[in-house]
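S.K.: The structure is given below, and queries will be raised subsequently.
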Amino acid sequence: AQKITQTQPGMFVQEKEAVTLDCTYDTSDPSYGLFWYKQPSSGEMIFLIYQGSYDQQNATEGRYSLNFQKARKSANLVISASQLGDSAMYFCAMRDSSGNTPLVFGKGTRLSVIA
Amino acid sequence: DAGVTQSPTHLIKTRGQQVTLRCSPKSGHDTVSWYQQALGQGPQFIFQYYEEEERQRGNFPDRFSGHQFPNYSSELNVNALLLGDSALYLCASSLGLGLAVVNEQFFGPGTRLTVL
């Protein structure tokens, strides 16, 4: 079974600073994918970034980067130059290599950006 | 290009009642998954529909059932509502089955169900 652990219930960051949101995972699958989603107060889950287990380089998407450490089973999200609009819940998720299995989510981290 | 839409936005029911939630997938998508997100938790997978059949199911009782229509839209039905069914119900759409692991799911805004 797959499991995602997010140990930070809440985080604060100053506007324009960088912040790291932690995510560790557990799986017996040799091939898997890791995802980060943002959930604003409106409720919609917004896809941010994806990392495949066999990808050699860490994924980046604009201000988002994923610090993937396979041996430590961690997939931390780094947000650079934080903006007030980044305030939201952030969820780490994973699925196995078939692509057809459902996403398994962590409990999330609430990020608050302070002006 | 319309994204995933869900209706209604909010719903209040009493224990024992039945509820139907609706989802229209993103244009071009044919697979619909439903998730339950309790307050303070991450989404939990309920089931997935493809070609009008339930393909996968999470750890939810039979009170939770669904349907997919020929136009790929989907319904989630919950019978004999319990207080613990109060949650945000999210619908996600994707394209096909058995694709690469990066097969992205697009989520709708959710339906917030309150059971009194």
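Every chain in the structure tokens has a letter given in the order shown (A, B, ...), and although residue numbers restart at 1 in each chain, ligands are simply numbered from 1 in the order shown.
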What lies within 9 Å of Ile79 (chain A) using only C-alpha atoms, ignoring chain neighbours under 5 positions off, as a list in words?

M.R.: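 Close residues of Ile79 (chain A): Glu17, Ala18, Val19, Thr20, Leu21, Arg63, Tyr64, Ser65, Leu66 and Asp86 of chain A.
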
S.K.: Take the selection from the previous step and output its residues with N, CA and C atoms, as a PDB file, in the first residue's frame.

M.R.:
ATOM      1  N   GLU A  17       9.915  35.476   0.027  1.00  0.00           N
ATOM      2  CA  GLU A  17      10.864  34.482   0.508  1.00  0.00           C
ATOM      3  C   GLU A  17      10.523  33.109  -0.088  1.00  0.00           C
ATOM      4  N   ALA A  18      11.466  32.169   0.025  1.00  0.00           N
ATOM      5  CA  ALA A  18      11.238  30.795  -0.412  1.00  0.00           C
ATOM      6  C   ALA A  18      10.759  29.956   0.771  1.00  0.00           C
ATOM      7  N   VAL A  19      10.004  28.914   0.468  1.00  0.00           N
ATOM      8  CA  VAL A  19       9.501  28.021   1.521  1.00  0.00           C
ATOM      9  C   VAL A  19       9.535  26.580   1.015  1.00  0.00           C
ATOM     10  N   THR A  20       9.819  25.664   1.928  1.00  0.00           N
ATOM     11  CA  THR A  20       9.845  24.235   1.596  1.00  0.00           C
ATOM     12  C   THR A  20       8.762  23.509   2.369  1.00  0.00           C
ATOM     13  N   LEU A  21       7.934  22.786   1.645  1.00  0.00           N
ATOM     14  CA  LEU A  21       6.881  21.966   2.246  1.00  0.00           C
ATOM     15  C   LEU A  21       7.311  20.504   2.165  1.00  0.00           C
ATOM     16  N   ARG A  63       7.812  28.876 -10.464  1.00  0.00           N
ATOM     17  CA  ARG A  63       8.321  29.103  -9.116  1.00  0.00           C
ATOM     18  C   ARG A  63       8.316  27.848  -8.252  1.00  0.00           C
ATOM     19  N   TYR A  64       7.808  26.751  -8.800  1.00  0.00           N
ATOM     20  CA  TYR A  64       7.721  25.506  -8.044  1.00  0.00           C
ATOM     21  C   TYR A  64       8.838  24.558  -8.465  1.00  0.00           C
ATOM     22  N   SER A  65       9.469  23.943  -7.506  1.00  0.00           N
ATOM     23  CA  SER A  65      10.434  22.888  -7.787  1.00  0.00           C
ATOM     24  C   SER A  65      10.233  21.769  -6.775  1.00  0.00           C
ATOM     25  N   LEU A  66      10.584  20.589  -7.192  1.00  0.00           N
ATOM     26  CA  LEU A  66      10.396  19.422  -6.335  1.00  0.00           C
ATOM     27  C   LEU A  66      11.771  18.872  -5.986  1.00  0.00           C
ATOM     28  N   ASP A  86      -0.239  32.620  -2.899  1.00  0.00           N
ATOM     29  CA  ASP A  86       0.197  31.249  -2.630  1.00  0.00           C
ATOM     30  C   ASP A  86      -0.430  30.696  -1.352  1.00  0.00           C
TER      31      ASP A  86
END

S.K.: What lies within 6 Å of region 33-46 of chain B using only C-alpha atoms, ignoring chain neighbours under 2 positions off, as a list in words?

M.R.: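 Counting only C-alpha atoms, the residues come to Phe105, Gly106 and Lys107 of chain A; Gln48, Arg57, Gly58, Ala87, Leu88, Tyr89, Leu90, Cys91 and Ala92 of chain B.
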
S.K.: Could the residues in this selection be saved with C-alpha atoms as a PDB file, in the first residue's frame?

M.R.:
ATOM      1  CA  PHE A 105      -2.971  12.020  -0.751  1.00  0.00           C
ATOM      2  CA  GLY A 106      -1.319  13.250   2.413  1.00  0.00           C
ATOM      3  CA  LYS A 107      -3.158  15.335   5.001  1.00  0.00           C
TER       4      LYS A 107
ATOM      5  CA  GLN B  48     -13.572   5.512 -10.723  1.00  0.00           C
ATOM      6  CA  ARG B  57     -13.212   1.267  -5.768  1.00  0.00           C
ATOM      7  CA  GLY B  58     -11.725   2.542  -2.554  1.00  0.00           C
ATOM      8  CA  ALA B  87     -17.327  16.342   3.556  1.00  0.00           C
ATOM      9  CA  LEU B  88     -16.211  17.995   0.348  1.00  0.00           C
ATOM     10  CA  TYR B  89     -16.796  15.618  -2.552  1.00  0.00           C
ATOM     11  CA  LEU B  90     -14.382  16.126  -5.392  1.00  0.00           C
ATOM     12  CA  CYS B  91     -14.719  14.878  -8.925  1.00  0.00           C
ATOM     13  CA  ALA B  92     -11.644  14.449 -11.100  1.00  0.00           C
TER      14      ALA B  92
END

S.K.: Would you return as a PyMOL selection string the members of region 4-54 of chain B that DSSP assigns to strand (DSSP E) on this structure's backbone?

M.R.: chain B and resi 5-7+10-13+19-24+31-37+44-50+53-54

S.K.: Taking only C-alpha atoms into account, report as a short mmCIF file (atom, residue, chain, number, x, y, z; two decimals) with N, CA, C and O atoms, in the first residue's frame which residues of chain A lie within 12 Å of chain B.

M.R.:
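Final output, saved to selection_16.cif:
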data_model
loop_
_atom_site.label_atom_id
_atom_site.label_comp_id
_atom_site.auth_asym_id
_atom_site.auth_seq_id
_atom_site.Cartn_x
_atom_site.Cartn_y
_atom_site.Cartn_z
N LYS A 3 1.60 5.26 0.95
CA LYS A 3 1.28 6.19 2.02
C LYS A 3 2.07 7.47 1.85
O LYS A 3 3.24 7.45 1.50
N ILE A 4 1.40 8.59 2.09
CA ILE A 4 2.03 9.90 2.02
C ILE A 4 1.95 10.53 3.41
O ILE A 4 0.89 10.52 4.04
N THR A 5 3.07 11.09 3.86
CA THR A 5 3.11 11.76 5.16
C THR A 5 3.55 13.20 4.99
O THR A 5 4.61 13.48 4.43
N GLN A 6 2.71 14.11 5.46
CA GLN A 6 3.05 15.52 5.50
C GLN A 6 3.00 15.94 6.96
O GLN A 6 1.93 15.94 7.56
N PRO A 9 1.50 20.73 9.70
CA PRO A 9 0.09 21.13 9.54
C PRO A 9 -0.03 22.55 8.98
O PRO A 9 -0.93 22.83 8.20
N GLY A 10 0.89 23.43 9.40
CA GLY A 10 0.84 24.81 8.95
C GLY A 10 2.23 25.41 8.84
O GLY A 10 3.14 25.05 9.60
N SER A 31 8.13 1.63 -9.56
CA SER A 31 7.89 2.78 -10.44
C SER A 31 6.63 3.50 -9.98
O SER A 31 5.58 2.87 -9.80
N TYR A 32 6.76 4.79 -9.80
CA TYR A 32 5.62 5.55 -9.25
C TYR A 32 5.77 7.02 -9.63
O TYR A 32 6.81 7.45 -10.15
N GLY A 33 4.72 7.77 -9.38
CA GLY A 33 4.74 9.19 -9.65
C GLY A 33 4.35 9.98 -8.41
O GLY A 33 3.53 9.53 -7.61
N LEU A 34 4.92 11.13 -8.25
CA LEU A 34 4.65 12.00 -7.12
C LEU A 34 4.09 13.32 -7.63
O LEU A 34 4.57 13.86 -8.62
N PHE A 35 3.08 13.82 -6.96
CA PHE A 35 2.38 15.02 -7.39
C PHE A 35 2.25 15.99 -6.21
O PHE A 35 2.16 15.58 -5.06
N TRP A 36 2.18 17.27 -6.56
CA TRP A 36 1.79 18.29 -5.60
C TRP A 36 0.59 19.05 -6.16
O TRP A 36 0.57 19.40 -7.34
N TYR A 37 -0.40 19.26 -5.27
CA TYR A 37 -1.59 20.01 -5.62
C TYR A 37 -1.75 21.17 -4.63
O TYR A 37 -1.41 21.06 -3.46
N LYS A 38 -2.34 22.25 -5.13
CA LYS A 38 -2.69 23.41 -4.31
C LYS A 38 -4.20 23.46 -4.21
O LYS A 38 -4.90 23.28 -5.22
N GLN A 39 -4.71 23.68 -3.02
CA GLN A 39 -6.15 23.79 -2.83
C GLN A 39 -6.47 25.12 -2.14
O GLN A 39 -6.36 25.24 -0.93
N PRO A 40 -6.91 26.10 -2.91
CA PRO A 40 -7.33 27.36 -2.29
C PRO A 40 -8.65 27.17 -1.56
O PRO A 40 -9.25 26.09 -1.62
N SER A 41 -9.10 28.21 -0.91
CA SER A 41 -10.33 28.11 -0.12
C SER A 41 -11.54 27.76 -0.99
O SER A 41 -12.55 27.26 -0.47
N SER A 42 -11.45 27.98 -2.28
CA SER A 42 -12.56 27.64 -3.18
C SER A 42 -12.78 26.13 -3.28
O SER A 42 -13.85 25.68 -3.68
N GLY A 43 -11.76 25.34 -2.95
CA GLY A 43 -11.93 23.90 -2.91
C GLY A 43 -11.30 23.13 -4.06
O GLY A 43 -11.00 21.95 -3.92
N GLU A 44 -11.11 23.76 -5.18
CA GLU A 44 -10.58 23.05 -6.34
C GLU A 44 -9.13 22.68 -6.14
O GLU A 44 -8.33 23.46 -5.67
N MET A 45 -8.78 21.45 -6.50
CA MET A 45 -7.39 20.98 -6.42
C MET A 45 -6.69 21.37 -7.71
O MET A 45 -7.09 20.96 -8.80
N ILE A 46 -5.62 22.14 -7.58
CA ILE A 46 -4.88 22.64 -8.74
C ILE A 46 -3.54 21.92 -8.82
O ILE A 46 -2.74 21.97 -7.89
N PHE A 47 -3.31 21.23 -9.94
CA PHE A 47 -2.07 20.51 -10.14
C PHE A 47 -0.90 21.49 -10.26
O PHE A 47 -0.97 22.47 -11.00
N LEU A 48 0.19 21.22 -9.54
CA LEU A 48 1.35 22.10 -9.56
C LEU A 48 2.55 21.48 -10.27
O LEU A 48 3.16 22.10 -11.14
N ILE A 49 2.88 20.24 -9.89
CA ILE A 49 4.13 19.68 -10.37
C ILE A 49 4.13 18.17 -10.21
O ILE A 49 3.45 17.63 -9.33
N TYR A 50 4.86 17.50 -11.09
CA TYR A 50 4.94 16.04 -11.10
C TYR A 50 6.40 15.58 -11.17
O TYR A 50 7.22 16.20 -11.86
N GLN A 51 6.68 14.48 -10.46
CA GLN A 51 8.01 13.86 -10.49
C GLN A 51 7.86 12.36 -10.66
O GLN A 51 7.19 11.71 -9.87
N GLY A 52 8.47 11.81 -11.68
CA GLY A 52 8.47 10.37 -11.86
C GLY A 52 9.63 9.74 -11.09
O GLY A 52 10.69 10.35 -10.95
N SER A 53 9.42 8.53 -10.65
CA SER A 53 10.43 7.90 -9.79
C SER A 53 11.74 7.63 -10.52
O SER A 53 12.80 7.50 -9.89
N TYR A 54 11.68 7.55 -11.84
CA TYR A 54 12.91 7.29 -12.60
C TYR A 54 13.47 8.54 -13.27
O TYR A 54 14.45 8.46 -14.00
N ASP A 55 12.83 9.67 -13.00
CA ASP A 55 13.35 10.92 -13.57
C ASP A 55 14.69 11.25 -12.92
O ASP A 55 14.82 11.22 -11.69
N MET A 89 -3.97 25.45 0.98
CA MET A 89 -3.56 24.12 1.41
C MET A 89 -2.76 23.47 0.29
O MET A 89 -3.09 23.63 -0.89
N TYR A 90 -1.72 22.75 0.66
CA TYR A 90 -0.89 22.06 -0.31
C TYR A 90 -0.86 20.57 0.02
O TYR A 90 -0.59 20.18 1.16
N PHE A 91 -1.14 19.76 -1.00
CA PHE A 91 -1.20 18.31 -0.81
C PHE A 91 -0.17 17.62 -1.69
O PHE A 91 -0.04 17.91 -2.88
N CYS A 92 0.52 16.69 -1.06
CA CYS A 92 1.42 15.79 -1.77
C CYS A 92 0.63 14.51 -2.06
O CYS A 92 -0.19 14.07 -1.22
N ALA A 93 0.83 13.93 -3.23
CA ALA A 93 0.09 12.72 -3.59
C ALA A 93 0.97 11.82 -4.43
O ALA A 93 1.98 12.26 -4.99
N MET A 94 0.58 10.55 -4.52
CA MET A 94 1.34 9.62 -5.35
C MET A 94 0.42 8.58 -5.96
O MET A 94 -0.72 8.38 -5.52
N ARG A 95 0.90 7.94 -7.00
CA ARG A 95 0.22 6.79 -7.58
C ARG A 95 1.29 5.88 -8.15
O ARG A 95 2.42 6.30 -8.37
N ASP A 96 0.91 4.63 -8.45
CA ASP A 96 1.90 3.70 -8.98
C ASP A 96 2.09 3.90 -10.48
O ASP A 96 1.48 4.80 -11.07
N SER A 97 2.85 3.06 -11.08
CA SER A 97 3.30 3.31 -12.45
C SER A 97 2.25 3.08 -13.52
O SER A 97 2.42 3.50 -14.65
N SER A 98 1.13 2.43 -13.16
CA SER A 98 0.16 2.14 -14.21
C SER A 98 -0.53 3.41 -14.68
O SER A 98 -1.04 3.46 -15.80
N GLY A 99 -0.56 4.41 -13.85
CA GLY A 99 -1.25 5.64 -14.21
C GLY A 99 -2.75 5.54 -14.07
O GLY A 99 -3.45 6.54 -14.16
N ASN A 100 -3.21 4.34 -13.83
CA ASN A 100 -4.64 4.13 -13.75
C ASN A 100 -5.12 4.06 -12.31
O ASN A 100 -6.30 4.06 -12.05
N THR A 101 -4.22 3.99 -11.41
CA THR A 101 -4.62 3.86 -10.00
C THR A 101 -4.96 5.22 -9.43
O THR A 101 -4.51 6.25 -9.93
N PRO A 102 -5.78 5.22 -8.38
CA PRO A 102 -6.15 6.51 -7.80
C PRO A 102 -4.98 7.16 -7.09
O PRO A 102 -4.03 6.51 -6.70
N LEU A 103 -5.08 8.46 -6.97
CA LEU A 103 -4.09 9.20 -6.22
C LEU A 103 -4.27 8.94 -4.73
O LEU A 103 -5.39 8.89 -4.23
N VAL A 104 -3.15 8.80 -4.04
CA VAL A 104 -3.14 8.70 -2.57
C VAL A 104 -2.57 10.01 -2.06
O VAL A 104 -1.46 10.39 -2.41
N PHE A 105 -3.34 10.69 -1.22
CA PHE A 105 -2.97 12.02 -0.75
C PHE A 105 -2.49 12.00 0.69
O PHE A 105 -2.89 11.15 1.50
N GLY A 106 -1.65 12.98 1.02
CA GLY A 106 -1.32 13.25 2.41
C GLY A 106 -2.40 14.13 3.03
O GLY A 106 -3.38 14.48 2.39
N LYS A 107 -2.18 14.52 4.30
CA LYS A 107 -3.16 15.33 5.00
C LYS A 107 -3.04 16.81 4.69
O LYS A 107 -3.90 17.60 5.06
N GLY A 108 -1.97 17.19 4.02
CA GLY A 108 -1.83 18.57 3.59
C GLY A 108 -1.10 19.46 4.56
O GLY A 108 -0.95 19.17 5.75
N THR A 109 -0.62 20.58 4.03
CA THR A 109 0.04 21.64 4.81
C THR A 109 -0.62 22.95 4.44
O THR A 109 -0.76 23.26 3.25
N ARG A 110 -1.03 23.70 5.45
CA ARG A 110 -1.62 25.02 5.18
C ARG A 110 -0.51 26.06 5.16
O ARG A 110 0.17 26.26 6.17
#

S.K.: Need to verify the contact set: Arg72 (chain A), 10 Å, only C-alpha atoms, exclusion of same-chain residues closer than 4 positions in sequence. Can you return it as a PDB file with N, CA and C atoms, in the first residue's frame?

M.R.:
ATOM      1  N   THR A  24       7.008  12.960   2.736  1.00  0.00           N
ATOM      2  CA  THR A  24       7.671  11.658   2.643  1.00  0.00           C
ATOM      3  C   THR A  24       6.639  10.639   2.216  1.00  0.00           C
ATOM      4  N   TYR A  25       7.110   9.588   1.585  1.00  0.00           N
ATOM      5  CA  TYR A  25       6.185   8.609   1.041  1.00  0.00           C
ATOM      6  C   TYR A  25       6.686   7.206   1.312  1.00  0.00           C
ATOM      7  N   ASP A  26       5.790   6.264   1.154  1.00  0.00           N
ATOM      8  CA  ASP A  26       6.143   4.861   1.321  1.00  0.00           C
ATOM      9  C   ASP A  26       5.405   4.056   0.260  1.00  0.00           C
ATOM     10  N   PHE A  68      13.510  15.988  -4.948  1.00  0.00           N
ATOM     11  CA  PHE A  68      13.253  14.554  -4.909  1.00  0.00           C
ATOM     12  C   PHE A  68      14.494  13.820  -4.416  1.00  0.00           C
TER      13      PHE A  68
END

S.K.: So, with only C-alpha atoms as the atoms that count, which of B:Gln6, B:Ser93, B:Gln68, B:Thr114 lies closest to Val19 (chain B)?

M.R.: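 Under the stated criterion, the closest residue is B:Thr114.
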
S.K.: Write out as a compact mmCIF listing (two decimals) with N, CA and C atoms, in the first residue's frame the residues lying within 8 Å of Val13 (chain A), counting only C-alpha atoms and excluding same-chain residues fewer than 5 positions away.

M.R.:
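Below you can see result-v6.txt, which holds the result:
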# COMPACT_ATOMS: atom_id res chain seq x y z
N ALA A 18 11.47 32.17 0.03
CA ALA A 18 11.24 30.80 -0.41
C ALA A 18 10.76 29.96 0.77
N VAL A 19 10.00 28.91 0.47
CA VAL A 19 9.50 28.02 1.52
C VAL A 19 9.53 26.58 1.01
N SER A 82 7.70 33.71 -2.71
CA SER A 82 6.30 33.52 -2.32
C SER A 82 5.47 34.78 -2.57
N LEU A 111 -0.33 26.70 4.02
CA LEU A 111 0.70 27.73 3.87
C LEU A 111 0.05 29.10 3.97
N SER A 112 0.62 29.94 4.81
CA SER A 112 0.16 31.32 4.93
C SER A 112 1.32 32.24 4.57
N VAL A 113 1.08 33.10 3.58
CA VAL A 113 2.10 34.05 3.15
C VAL A 113 1.79 35.40 3.79
N ILE A 114 2.79 35.95 4.46
CA ILE A 114 2.61 37.21 5.22
C ILE A 114 3.25 38.36 4.46

S.K.: Rounded to one decimal, what separation in Å do you get between CA of Asp30 (chain B) and CA of Tyr72 (chain B)?

M.R.: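 CA of Tyr72 (chain B) lies 5.5 Å from CA of Asp30 (chain B).
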
S.K.: For a test of reading the model, state the distance in Å between CA of Thr5 (chain B) and CA of Gly66 (chain B), rounded to one decimal.

M.R.: 16.5 Å

S.K.: Considering only C-alpha atoms, can you say which of A:Gly85, A:Asp22, A:Ser28, A:Ser80 comes closest to Asn67 (chain A)?

M.R.: A:Asp22
